[in-house]
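Participant: Starting off with a structure, shown below.
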Amino acid sequence: MQLNAKQEEAQKVLAGDATHIMLFGGSRSGKTFLLIRNVCFRALKAPNSRHAVMRFRFNHVKNSVVQDTFPKVMQLAFPNVKYHINKTDWFAEFENGAQIWFGGLDDKERTEKILGQEYATIYLNECSQIPWGSVGVAVTRLAQKVNQVIGDSTSSLKPRMYYDCNPPSKAHWSYRVFIEKRDPESKQPLVRGIDYAYFQINPLDNAKNLSDGYLQTLQSLSPRLQKRFLLGEFADATPNALFADEIIDKWRVLDGKLPDMVRIVVAVDPSGSGDTDNADNDAIGICVAGLGSDGNAYLLEDCTVKAGPATWGKVATDAYDRHAADVIVGEINYGGAMVQHVIQTSRPRTPYKQVTATRGKAVRAEPISALYDQGKVRHVGMFRELEDELAAFSTVGYLGESSPNRADAVIWALTELFPGIVKEKVEPRKRKTREVNSGGWMG
């Protein structure tokens with residue numbers, strides 16, 4: 001197979017002197033493919049060697065690597081090599097006895113089993129989701145001494161630790177370590193900064209391998225998301241931000257596997273839009289969230305619409321029926337009992353509960369952001385516009401350009417699903433800056 005020009009440049013870095021190497025950049029730029037290819041090369045050169053590919057969540061590594069990238073790499077780069085995947089312990093084994101183990105840090109038992117062994121290579125895929133404490137533990141397992149066989153010669157295989165990510169903010173440990181070459185905890189220069197190398201690679205560099213229209217999709221994203229997923233740049237650090245991209249990504253559900261829902265809520269955040277001439281008015285935030293039997297909340301759908309009552313009332317009640325919801329909640333600051341009237345007109349006898357905004361948006365959002373930090377809220381799929389609004393929330397207020405109707409609706413829905421977290425909060429209190437670079441297995 002033929003690497004593209006940028007992958008060839010990246011390969012030179014991967015073959016350099018550094019032990020720790022990070023590829024960062026936009027979405028679908030070929031980072032994961034190239035790193036899996038390198039892991040396979042190392043395994044095939046070193047009989048009986050062990051290598052590990054880790055992500056924060058096991059389901060993510062299973063779906064994106066084991067069932068997608070790994071077989072593609074084997075088919076394109078090593079078409080004549082035979083291998084077997086053990087689906088009990090989840091490792092691939094080659095005929096020379098070398099193994100590649102796949103794991104997630106969210107499963108303590110599986111993680112302890114994997115990290116109970118020593119490895120010649122460890123690859124942390126989507127490292128923006130992995131806590132710094134977990135990186136430290138993984139590094140201690142980069143200790144297997146094996147020989148590589150090239151032709152008739154034998155030599156020691158240099159230990160390597162690979163990382164990749166769609167770049168998060170500059171507050172993240174990946175930026176501190178690889179770009180600034182500083183310890184993310186002490187902020188002091190790394191003892192051996194030369195041991196840490198990085199290379200940027202973006203989707204434009206991999207255009208020939210992308211489906212038609214994919215680059216146009218990235219170019220249509222908001223400037224914030226274009227910076228991360230198209231341009232592959234680290235975002236400026238915002239220490240007061242309430243909702244971090246890497247936290248949302250860490251718990252995102254992409255495989256559609258959900259627990260049974262104990263309770264489902266449709267939340268409406270109204271504006272002053274009328275039935276006509278509402279083009280310049282704010283959208284009506286309408287979101288659906290459920291509380292799973294596992295105790296976590298799942299954002300199921302964003303039905304936000306810019307329309308008058310006759311339309312948005314039907315959108316909300318259709319969502320109620322579609323999800324077999326338990327109740328619709330609506331904020332009454334705009335129009336008093338108007339929301340209830342619209343809902344009952346669209347669907348008589350729909351269970352409805354009114355909520356009142358007695359505090360500012362940031363104060364209402366703060367306890368909800370704590371739920372996100374704890375992994376108690378999980379987005380089922382991608383919600384780009386809604387996540388843009390969440391990203392603009394900070395402890396000093398909402399910093400976005402327009403009203404956060406989608407985010408407000410989500411906050412109302414989650415407040416209804418977790419009523420206990422807001423009842424205790426009477427006065428605003430100072431919030432500690434989130435430390436996205438610390439923690440144990442789960443951060």
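Chain labels follow the order of the structure tokens: the first chain is A, the next B, and so on; residue numbering restarts at 1 in every chain, and ligands are counted from 1 in their shown order.
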Where in segment 78-276 of chain A does DSSP assign strand (DSSP E), given as an MDAnalysis selection string?
Facilitator: chainID A and resid 83:86 91:94 99:104 121:124 147:150 153:156 160:165 196:200 261:269
Participant: Using the selection just defined, write its residues with C-alpha atoms as an mmCIF file, in the first residue's frame.
Facilitator:
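Written out: selection.cif:
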```cif
data_model
loop_
_atom_site.group_PDB
_atom_site.id
_atom_site.type_symbol
_atom_site.label_atom_id
_atom_site.label_comp_id
_atom_site.auth_asym_id
_atom_site.auth_seq_id
_atom_site.Cartn_x
_atom_site.Cartn_y
_atom_site.Cartn_z
ATOM 1 C CA TYR A 83 -3.745 -13.832 12.566
ATOM 2 C CA HIS A 84 -6.386 -14.870 15.056
ATOM 3 C CA ILE A 85 -8.461 -12.638 17.351
ATOM 4 C CA ASN A 86 -9.264 -14.020 20.785
ATOM 5 C CA PHE A 91 -6.116 -9.824 21.642
ATOM 6 C CA ALA A 92 -4.826 -10.575 18.147
ATOM 7 C CA GLU A 93 -2.129 -13.241 17.801
ATOM 8 C CA PHE A 94 0.210 -13.760 14.851
ATOM 9 C CA GLN A 99 0.168 -10.511 20.453
ATOM 10 C CA ILE A 100 -1.677 -7.189 20.270
ATOM 11 C CA TRP A 101 -4.006 -6.641 23.241
ATOM 12 C CA PHE A 102 -7.012 -4.310 23.069
ATOM 13 C CA GLY A 103 -8.476 -2.733 26.180
ATOM 14 C CA GLY A 104 -10.411 0.104 27.775
ATOM 15 C CA THR A 121 4.546 -1.076 22.561
ATOM 16 C CA ILE A 122 1.619 0.765 24.153
ATOM 17 C CA TYR A 123 -0.687 2.878 21.988
ATOM 18 C CA LEU A 124 -3.149 5.242 23.719
ATOM 19 C CA ASN A 147 14.439 -8.866 20.034
ATOM 20 C CA GLN A 148 13.432 -7.953 16.512
ATOM 21 C CA VAL A 149 14.482 -10.068 13.564
ATOM 22 C CA ILE A 150 15.309 -8.264 10.327
ATOM 23 C CA SER A 153 20.218 -9.997 12.013
ATOM 24 C CA THR A 154 18.745 -9.687 15.477
ATOM 25 C CA SER A 155 18.631 -6.602 17.679
ATOM 26 C CA SER A 156 16.742 -5.257 20.667
ATOM 27 C CA ARG A 160 7.641 2.799 22.052
ATOM 28 C CA MET A 161 4.581 4.558 23.402
ATOM 29 C CA TYR A 162 2.219 6.031 20.802
ATOM 30 C CA TYR A 163 -0.568 8.566 21.335
ATOM 31 C CA ASP A 164 -3.111 10.237 19.089
ATOM 32 C CA CYS A 165 -5.979 12.696 19.466
ATOM 33 C CA TYR A 196 8.648 13.292 23.549
ATOM 34 C CA ALA A 197 7.945 14.008 19.875
ATOM 35 C CA TYR A 198 4.798 15.007 18.001
ATOM 36 C CA PHE A 199 3.499 15.466 14.474
ATOM 37 C CA GLN A 200 0.363 17.156 13.120
ATOM 38 C CA MET A 261 -34.904 3.813 30.417
ATOM 39 C CA VAL A 262 -36.466 4.302 33.847
ATOM 40 C CA ARG A 263 -37.771 7.777 33.032
ATOM 41 C CA ILE A 264 -37.789 9.943 29.892
ATOM 42 C CA VAL A 265 -38.294 13.700 29.813
ATOM 43 C CA VAL A 266 -38.949 16.138 26.978
ATOM 44 C CA ALA A 267 -37.793 19.630 27.932
ATOM 45 C CA VAL A 268 -38.880 22.868 26.250
ATOM 46 C CA ASP A 269 -37.067 26.188 26.509
#
```
Participant: Could you check which of A:Ala207, A:Ile247, A:Val363, A:Ile36 is closest to Pro131 of chain A, using only C-alpha atoms?
Facilitator: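 The shortest atom-to-atom distance to Pro131 of chain A comes from A:Ile247.
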Participant: Could you give me the residues within segment 11-136 of chain A that DSSP places in helix (DSSP H, G or I), as a PyMOL selection string?
Facilitator: chain A and resi 11-14+31-45+58-77+108-114+127-129+132-136
Participant: So that I have them on file, write out the residues from the current selection with N, CA and C atoms, as a compact mmCIF listing (two decimals), in the first residue's frame.
Facilitator:
```txt
# COMPACT_ATOMS: atom_id res chain seq x y z
N GLN A 11 5.80 9.13 9.45
CA GLN A 11 6.51 7.87 9.65
C GLN A 11 7.96 8.10 10.05
N LYS A 12 8.56 9.15 9.52
CA LYS A 12 9.95 9.47 9.89
C LYS A 12 10.05 9.83 11.37
N VAL A 13 9.02 10.54 11.88
CA VAL A 13 8.99 10.88 13.30
C VAL A 13 8.79 9.62 14.13
N LEU A 14 7.90 8.75 13.67
CA LEU A 14 7.62 7.51 14.40
C LEU A 14 8.84 6.59 14.45
N LYS A 31 -4.43 9.12 11.23
CA LYS A 31 -3.57 8.94 12.40
C LYS A 31 -3.65 7.52 12.94
N THR A 32 -4.87 7.05 13.20
CA THR A 32 -5.05 5.73 13.80
C THR A 32 -4.55 4.64 12.87
N PHE A 33 -4.84 4.76 11.59
CA PHE A 33 -4.38 3.77 10.61
C PHE A 33 -2.86 3.65 10.66
N LEU A 34 -2.18 4.78 10.64
CA LEU A 34 -0.73 4.77 10.61
C LEU A 34 -0.14 4.16 11.88
N LEU A 35 -0.73 4.48 13.03
CA LEU A 35 -0.19 3.97 14.29
C LEU A 35 -0.47 2.48 14.46
N ILE A 36 -1.65 2.03 14.07
CA ILE A 36 -1.93 0.59 14.12
C ILE A 36 -0.98 -0.15 13.17
N ARG A 37 -0.72 0.43 12.02
CA ARG A 37 0.23 -0.17 11.07
C ARG A 37 1.61 -0.32 11.72
N ASN A 38 2.04 0.68 12.46
CA ASN A 38 3.33 0.61 13.13
C ASN A 38 3.35 -0.43 14.24
N VAL A 39 2.25 -0.52 14.99
CA VAL A 39 2.17 -1.54 16.03
C VAL A 39 2.28 -2.93 15.41
N CYS A 40 1.58 -3.13 14.29
CA CYS A 40 1.63 -4.43 13.61
C CYS A 40 3.04 -4.74 13.09
N PHE A 41 3.71 -3.76 12.49
CA PHE A 41 5.09 -3.94 12.03
C PHE A 41 5.98 -4.43 13.17
N ARG A 42 5.85 -3.77 14.31
CA ARG A 42 6.69 -4.10 15.46
C ARG A 42 6.39 -5.52 15.96
N ALA A 43 5.10 -5.87 15.96
CA ALA A 43 4.73 -7.21 16.40
C ALA A 43 5.27 -8.28 15.45
N LEU A 44 5.20 -8.02 14.15
CA LEU A 44 5.65 -9.01 13.17
C LEU A 44 7.17 -9.14 13.14
N LYS A 45 7.88 -8.10 13.54
CA LYS A 45 9.35 -8.16 13.57
C LYS A 45 9.88 -8.86 14.82
N PHE A 58 -13.79 0.56 26.60
CA PHE A 58 -13.53 -0.68 25.86
C PHE A 58 -14.41 -0.78 24.62
N ASN A 59 -15.68 -0.42 24.71
CA ASN A 59 -16.56 -0.52 23.54
C ASN A 59 -16.05 0.32 22.38
N HIS A 60 -15.42 1.46 22.70
CA HIS A 60 -14.89 2.32 21.64
C HIS A 60 -13.71 1.65 20.93
N VAL A 61 -12.80 1.05 21.70
CA VAL A 61 -11.66 0.40 21.05
C VAL A 61 -12.12 -0.85 20.28
N LYS A 62 -13.11 -1.53 20.79
CA LYS A 62 -13.62 -2.72 20.10
C LYS A 62 -14.27 -2.34 18.77
N ASN A 63 -15.12 -1.29 18.80
CA ASN A 63 -15.85 -0.91 17.59
C ASN A 63 -14.98 -0.19 16.57
N SER A 64 -14.12 0.72 17.04
CA SER A 64 -13.38 1.55 16.09
C SER A 64 -12.06 0.93 15.66
N VAL A 65 -11.43 0.14 16.53
CA VAL A 65 -10.12 -0.43 16.19
C VAL A 65 -10.22 -1.90 15.82
N VAL A 66 -10.73 -2.72 16.74
CA VAL A 66 -10.74 -4.18 16.50
C VAL A 66 -11.61 -4.53 15.29
N GLN A 67 -12.76 -3.88 15.17
CA GLN A 67 -13.69 -4.25 14.11
C GLN A 67 -13.60 -3.36 12.87
N ASP A 68 -12.74 -2.35 12.91
CA ASP A 68 -12.66 -1.44 11.77
C ASP A 68 -11.20 -1.22 11.33
N THR A 69 -10.45 -0.41 12.08
CA THR A 69 -9.11 -0.02 11.61
C THR A 69 -8.15 -1.20 11.53
N PHE A 70 -8.12 -2.06 12.55
CA PHE A 70 -7.16 -3.17 12.56
C PHE A 70 -7.34 -4.09 11.35
N PRO A 71 -8.56 -4.58 11.06
CA PRO A 71 -8.69 -5.45 9.87
C PRO A 71 -8.37 -4.72 8.56
N LYS A 72 -8.65 -3.41 8.49
CA LYS A 72 -8.29 -2.65 7.29
C LYS A 72 -6.78 -2.60 7.11
N VAL A 73 -6.07 -2.36 8.21
CA VAL A 73 -4.61 -2.32 8.15
C VAL A 73 -4.07 -3.67 7.69
N MET A 74 -4.60 -4.74 8.27
CA MET A 74 -4.11 -6.07 7.91
C MET A 74 -4.39 -6.38 6.45
N GLN A 75 -5.55 -5.98 5.96
CA GLN A 75 -5.91 -6.26 4.57
C GLN A 75 -5.05 -5.47 3.59
N LEU A 76 -4.80 -4.18 3.90
CA LEU A 76 -4.08 -3.31 2.97
C LEU A 76 -2.57 -3.39 3.10
N ALA A 77 -2.08 -3.50 4.34
CA ALA A 77 -0.63 -3.46 4.55
C ALA A 77 0.00 -4.84 4.70
N LYS A 108 -12.26 -1.89 35.10
CA LYS A 108 -11.15 -2.05 36.04
C LYS A 108 -10.56 -3.46 36.00
N GLU A 109 -11.43 -4.47 35.96
CA GLU A 109 -10.95 -5.85 35.97
C GLU A 109 -10.16 -6.17 34.71
N ARG A 110 -10.70 -5.77 33.55
CA ARG A 110 -10.01 -6.02 32.29
C ARG A 110 -8.70 -5.24 32.22
N THR A 111 -8.74 -3.99 32.72
CA THR A 111 -7.54 -3.15 32.70
C THR A 111 -6.44 -3.75 33.55
N GLU A 112 -6.80 -4.22 34.73
CA GLU A 112 -5.80 -4.81 35.61
C GLU A 112 -5.19 -6.07 34.98
N LYS A 113 -6.02 -6.81 34.24
CA LYS A 113 -5.51 -8.01 33.58
C LYS A 113 -4.52 -7.64 32.49
N ILE A 114 -4.87 -6.65 31.69
CA ILE A 114 -3.98 -6.23 30.60
C ILE A 114 -2.70 -5.62 31.15
N CYS A 127 -6.17 9.91 23.07
CA CYS A 127 -5.62 10.15 24.41
C CYS A 127 -6.21 11.37 25.09
N SER A 128 -6.93 12.23 24.36
CA SER A 128 -7.57 13.39 24.99
C SER A 128 -8.61 12.95 26.02
N GLN A 129 -9.10 11.71 25.90
CA GLN A 129 -10.10 11.20 26.83
C GLN A 129 -9.48 10.47 28.03
N TRP A 132 -4.39 11.76 33.01
CA TRP A 132 -2.94 11.73 33.15
C TRP A 132 -2.50 10.63 34.11
N GLY A 133 -3.25 10.40 35.16
CA GLY A 133 -2.90 9.35 36.10
C GLY A 133 -2.86 7.98 35.45
N SER A 134 -3.75 7.75 34.50
CA SER A 134 -3.78 6.47 33.80
C SER A 134 -2.57 6.32 32.89
N VAL A 135 -2.14 7.44 32.31
CA VAL A 135 -0.95 7.41 31.46
C VAL A 135 0.26 6.96 32.28
N GLY A 136 0.37 7.51 33.50
CA GLY A 136 1.49 7.15 34.35
C GLY A 136 1.54 5.68 34.67
```
Participant: Excluding Gly285 of chain A and any residue of its chain fewer than 2 positions from it, enumerate the residues within 10 Å of it, using only C-alpha atoms, and give them as number ranges by chain.
Facilitator: A: 267-271, 282-283, 287, 302-306, 312, 316, 330, 386, 403-410
Participant: Keeping N, CA, C and O atoms for every residue in the selection just given, could you write it to a file as a compact mmCIF listing (two decimals), in the first residue's frame?
Facilitator:
```
# COMPACT_ATOMS: atom_id res chain seq x y z
N ALA A 267 -37.91 18.29 27.34
CA ALA A 267 -37.79 19.63 27.93
C ALA A 267 -37.91 20.69 26.85
O ALA A 267 -37.36 20.55 25.76
N VAL A 268 -38.65 21.77 27.19
CA VAL A 268 -38.88 22.87 26.25
C VAL A 268 -38.37 24.16 26.86
O VAL A 268 -38.74 24.52 27.99
N ASP A 269 -37.51 24.86 26.11
CA ASP A 269 -37.07 26.19 26.51
C ASP A 269 -37.62 27.16 25.48
O ASP A 269 -37.10 27.25 24.35
N PRO A 270 -38.68 27.89 25.80
CA PRO A 270 -39.38 28.70 24.81
C PRO A 270 -38.70 30.04 24.55
O PRO A 270 -37.85 30.49 25.30
N SER A 271 -39.08 30.65 23.44
CA SER A 271 -38.69 32.03 23.15
C SER A 271 -39.97 32.79 22.85
O SER A 271 -41.07 32.27 23.07
N ASP A 282 -35.33 33.81 18.57
CA ASP A 282 -34.54 32.67 19.01
C ASP A 282 -35.28 31.37 18.72
O ASP A 282 -36.51 31.33 18.64
N ALA A 283 -34.52 30.29 18.59
CA ALA A 283 -35.12 28.98 18.40
C ALA A 283 -35.79 28.51 19.68
O ALA A 283 -35.50 29.00 20.78
N CYS A 287 -35.44 19.25 23.78
CA CYS A 287 -34.51 18.13 23.89
C CYS A 287 -35.13 16.99 24.67
O CYS A 287 -36.00 17.21 25.53
N ASP A 302 -32.17 16.00 19.97
CA ASP A 302 -32.30 17.46 19.97
C ASP A 302 -33.31 17.80 18.88
O ASP A 302 -33.04 17.62 17.70
N CYS A 303 -34.48 18.27 19.29
CA CYS A 303 -35.56 18.58 18.34
C CYS A 303 -35.75 20.09 18.19
O CYS A 303 -36.81 20.54 17.74
N THR A 304 -34.78 20.86 18.59
CA THR A 304 -34.88 22.32 18.58
C THR A 304 -35.33 22.83 17.21
O THR A 304 -34.87 22.35 16.16
N VAL A 305 -36.25 23.80 17.23
CA VAL A 305 -36.81 24.30 15.99
C VAL A 305 -37.07 25.80 16.14
O VAL A 305 -37.35 26.29 17.23
N LYS A 306 -36.94 26.51 15.03
CA LYS A 306 -37.30 27.94 15.01
C LYS A 306 -38.66 28.04 14.33
O LYS A 306 -38.78 27.94 13.10
N TRP A 312 -43.94 24.22 17.00
CA TRP A 312 -43.08 23.63 18.04
C TRP A 312 -43.88 22.82 19.06
O TRP A 312 -43.34 21.89 19.66
N ALA A 316 -42.71 19.03 19.99
CA ALA A 316 -42.50 18.55 21.36
C ALA A 316 -43.37 17.35 21.70
O ALA A 316 -42.90 16.37 22.28
N GLY A 330 -41.41 22.53 30.97
CA GLY A 330 -41.23 23.77 30.23
C GLY A 330 -40.99 24.94 31.17
O GLY A 330 -41.56 25.00 32.26
N LEU A 386 -25.76 21.88 19.77
CA LEU A 386 -26.00 21.86 21.20
C LEU A 386 -24.68 21.90 21.97
O LEU A 386 -24.53 22.62 22.97
N SER A 403 -28.71 33.12 22.18
CA SER A 403 -29.29 32.46 23.35
C SER A 403 -29.09 30.94 23.28
O SER A 403 -29.30 30.33 22.23
N PRO A 404 -28.69 30.30 24.38
CA PRO A 404 -28.41 28.85 24.38
C PRO A 404 -29.68 28.02 24.60
O PRO A 404 -29.80 27.30 25.59
N ASN A 405 -30.62 28.12 23.67
CA ASN A 405 -31.90 27.44 23.87
C ASN A 405 -31.77 25.93 23.94
O ASN A 405 -32.46 25.27 24.73
N ARG A 406 -30.90 25.35 23.12
CA ARG A 406 -30.71 23.90 23.15
C ARG A 406 -30.12 23.48 24.49
O ARG A 406 -30.60 22.53 25.13
N ALA A 407 -29.05 24.18 24.89
CA ALA A 407 -28.40 23.84 26.15
C ALA A 407 -29.33 24.05 27.34
O ALA A 407 -29.34 23.25 28.28
N ASP A 408 -30.11 25.13 27.30
CA ASP A 408 -31.06 25.37 28.39
C ASP A 408 -32.07 24.23 28.50
O ASP A 408 -32.43 23.79 29.60
N ALA A 409 -32.54 23.75 27.35
CA ALA A 409 -33.50 22.65 27.37
C ALA A 409 -32.87 21.40 27.98
O ALA A 409 -33.50 20.68 28.77
N VAL A 410 -31.61 21.12 27.62
CA VAL A 410 -30.92 19.97 28.19
C VAL A 410 -30.78 20.12 29.70
O VAL A 410 -30.97 19.17 30.46
```
Participant: Find the distance between atom CA of Leu230 of chain A and atom CA of Glu126 of chain A and write it in Å to one decimal.
Facilitator: 16.0 Å
Participant: Which residues, written as a compact mmCIF listing (two decimals) with all heavy atoms, in the first residue's frame, have at least one atom at most 10 Å from Arg192 of chain A, with only C-alpha atoms counted and residues fewer than 6 positions away on the same chain left out?
Facilitator:
```txt
# COMPACT_ATOMS: atom_id res chain seq x y z
N ALA A 18 12.72 9.32 19.68
CA ALA A 18 11.83 9.52 20.83
C ALA A 18 11.11 8.23 21.21
O ALA A 18 10.74 7.42 20.34
CB ALA A 18 10.82 10.61 20.52
N LYS A 181 6.35 20.55 26.63
CA LYS A 181 7.37 19.71 27.26
C LYS A 181 7.51 20.03 28.75
O LYS A 181 8.61 20.21 29.29
CB LYS A 181 8.71 19.86 26.54
CG LYS A 181 8.64 19.48 25.05
CD LYS A 181 9.80 18.63 24.66
CE LYS A 181 9.81 18.25 23.17
NZ LYS A 181 8.56 17.90 22.57
N ARG A 182 6.35 20.09 29.41
CA ARG A 182 6.31 20.33 30.85
C ARG A 182 5.49 19.24 31.54
O ARG A 182 4.56 18.68 30.95
CB ARG A 182 5.66 21.69 31.16
CG ARG A 182 6.49 22.88 30.70
CD ARG A 182 5.82 24.20 31.09
NE ARG A 182 6.63 25.33 30.67
CZ ARG A 182 7.65 25.83 31.37
NH1 ARG A 182 7.96 25.30 32.55
NH2 ARG A 182 8.34 26.86 30.91
```
Participant: One decimal, Å: what's the distance from atom CA of Met22 of chain A over to atom CA of Ala10 of chain A, could you say?
Facilitator: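 According to the coordinates, atom CA of Met22 of chain A and atom CA of Ala10 of chain A are separated by 9.9 Å.
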Participant: Please provide as a list in words all residues within 12 Å of Gln216 of chain A, with the sequence filter that same-chain residues fewer than 5 positions apart are discarded (counting only C-alpha atoms).
Facilitator: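 The neighbour list is Pro203, Leu204, Ala207, Leu210, Ser211, Leu221, Gln226 and Leu230 of chain A.
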Participant: Take the residues that were just selected and, keeping N, CA, C and O atoms, output them as a tab-separated table (two decimals), in the first residue's frame.
Facilitator:
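Output file out-v3.tsv follows:
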```
chain	number	residue	atom	x	y	z
A	203	PRO	N	-7.16	16.18	7.92
A	203	PRO	CA	-7.97	15.51	6.89
A	203	PRO	C	-7.61	15.93	5.46
A	203	PRO	O	-7.69	15.12	4.55
A	204	LEU	N	-7.23	17.20	5.27
A	204	LEU	CA	-6.85	17.63	3.92
A	204	LEU	C	-5.66	16.82	3.40
A	204	LEU	O	-5.53	16.60	2.19
A	207	ALA	N	-7.11	13.49	1.88
A	207	ALA	CA	-8.33	13.70	1.08
A	207	ALA	C	-8.64	12.55	0.14
A	207	ALA	O	-9.81	12.19	-0.06
A	210	LEU	N	-10.84	9.86	1.68
A	210	LEU	CA	-12.09	10.26	2.33
A	210	LEU	C	-13.26	10.14	1.37
A	210	LEU	O	-13.11	10.29	0.16
A	211	SER	N	-14.44	9.89	1.93
A	211	SER	CA	-15.64	9.79	1.11
A	211	SER	C	-16.01	11.17	0.55
A	211	SER	O	-15.66	12.20	1.13
A	221	LEU	N	-18.92	22.98	9.81
A	221	LEU	CA	-19.02	23.02	11.26
A	221	LEU	C	-18.79	24.44	11.77
A	221	LEU	O	-18.30	25.31	11.06
A	226	GLN	N	-14.44	23.41	13.72
A	226	GLN	CA	-13.50	23.37	12.60
A	226	GLN	C	-12.07	23.39	13.10
A	226	GLN	O	-11.20	22.70	12.57
A	230	LEU	N	-11.13	19.94	11.70
A	230	LEU	CA	-10.66	20.20	10.34
A	230	LEU	C	-9.21	20.69	10.35
A	230	LEU	O	-8.35	20.13	9.67
```
Participant: Tell me which of A:Asn4, A:Gln117, A:Thr238, A:Gln188 sits closest to Ala138 of chain A, counting only C-alpha atoms.
Facilitator: A:Gln117
Participant: Using only C-alpha atoms, which of the listed residues (A:Ile286, A:Ala241, A:Ala297, A:Leu231) sits closest to Val396 of chain A?
Facilitator: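 Under the stated criterion, the closest residue is A:Ala241.
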Participant: Skip Tyr352 of chain A itself and residues of its chain fewer than 4 positions away, then list as a list in words all residues within 7 Å of it, counting only C-alpha atoms.
Facilitator: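 Near neighbours after the sequence-gap exclusion: Val327, Ile328, Val329 and Gln340 of chain A.
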Participant: With N, CA and C atoms kept, could you save the residues just selected as a JSON list (two decimals), in the first residue's frame?
Facilitator:
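This is the output file again.json:
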```json
[["chain", "number", "residue", "atom", "x", "y", "z"],
["A", 327, "VAL", "N", -43.05, 12.81, 30.84],
["A", 327, "VAL", "CA", -43.53, 14.16, 31.11],
["A", 327, "VAL", "C", -42.82, 15.13, 30.17],
["A", 328, "ILE", "N", -43.47, 16.27, 29.92],
["A", 328, "ILE", "CA", -42.84, 17.40, 29.26],
["A", 328, "ILE", "C", -42.64, 18.49, 30.30],
["A", 329, "VAL", "N", -41.44, 19.03, 30.38],
["A", 329, "VAL", "CA", -41.20, 20.14, 31.30],
["A", 329, "VAL", "C", -40.92, 21.38, 30.47],
["A", 340, "GLN", "N", -47.58, 25.45, 28.61],
["A", 340, "GLN", "CA", -48.55, 24.41, 28.96],
["A", 340, "GLN", "C", -49.74, 24.46, 28.01]]
```
Participant: How many Å lie between atom CA of Asp212 of chain A and atom CA of Pro167 of chain A, rounded to one decimal?
Facilitator: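 Distance between the two atoms: 24.3 Å.
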Participant: Using only C-alpha atoms, which of the listed residues (A:Val137, A:Ala237, A:Val146, A:Ala370) sits closest to His172 of chain A?
Facilitator: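 Counting only C-alpha atoms, the residue closest to His172 of chain A is A:Ala237.
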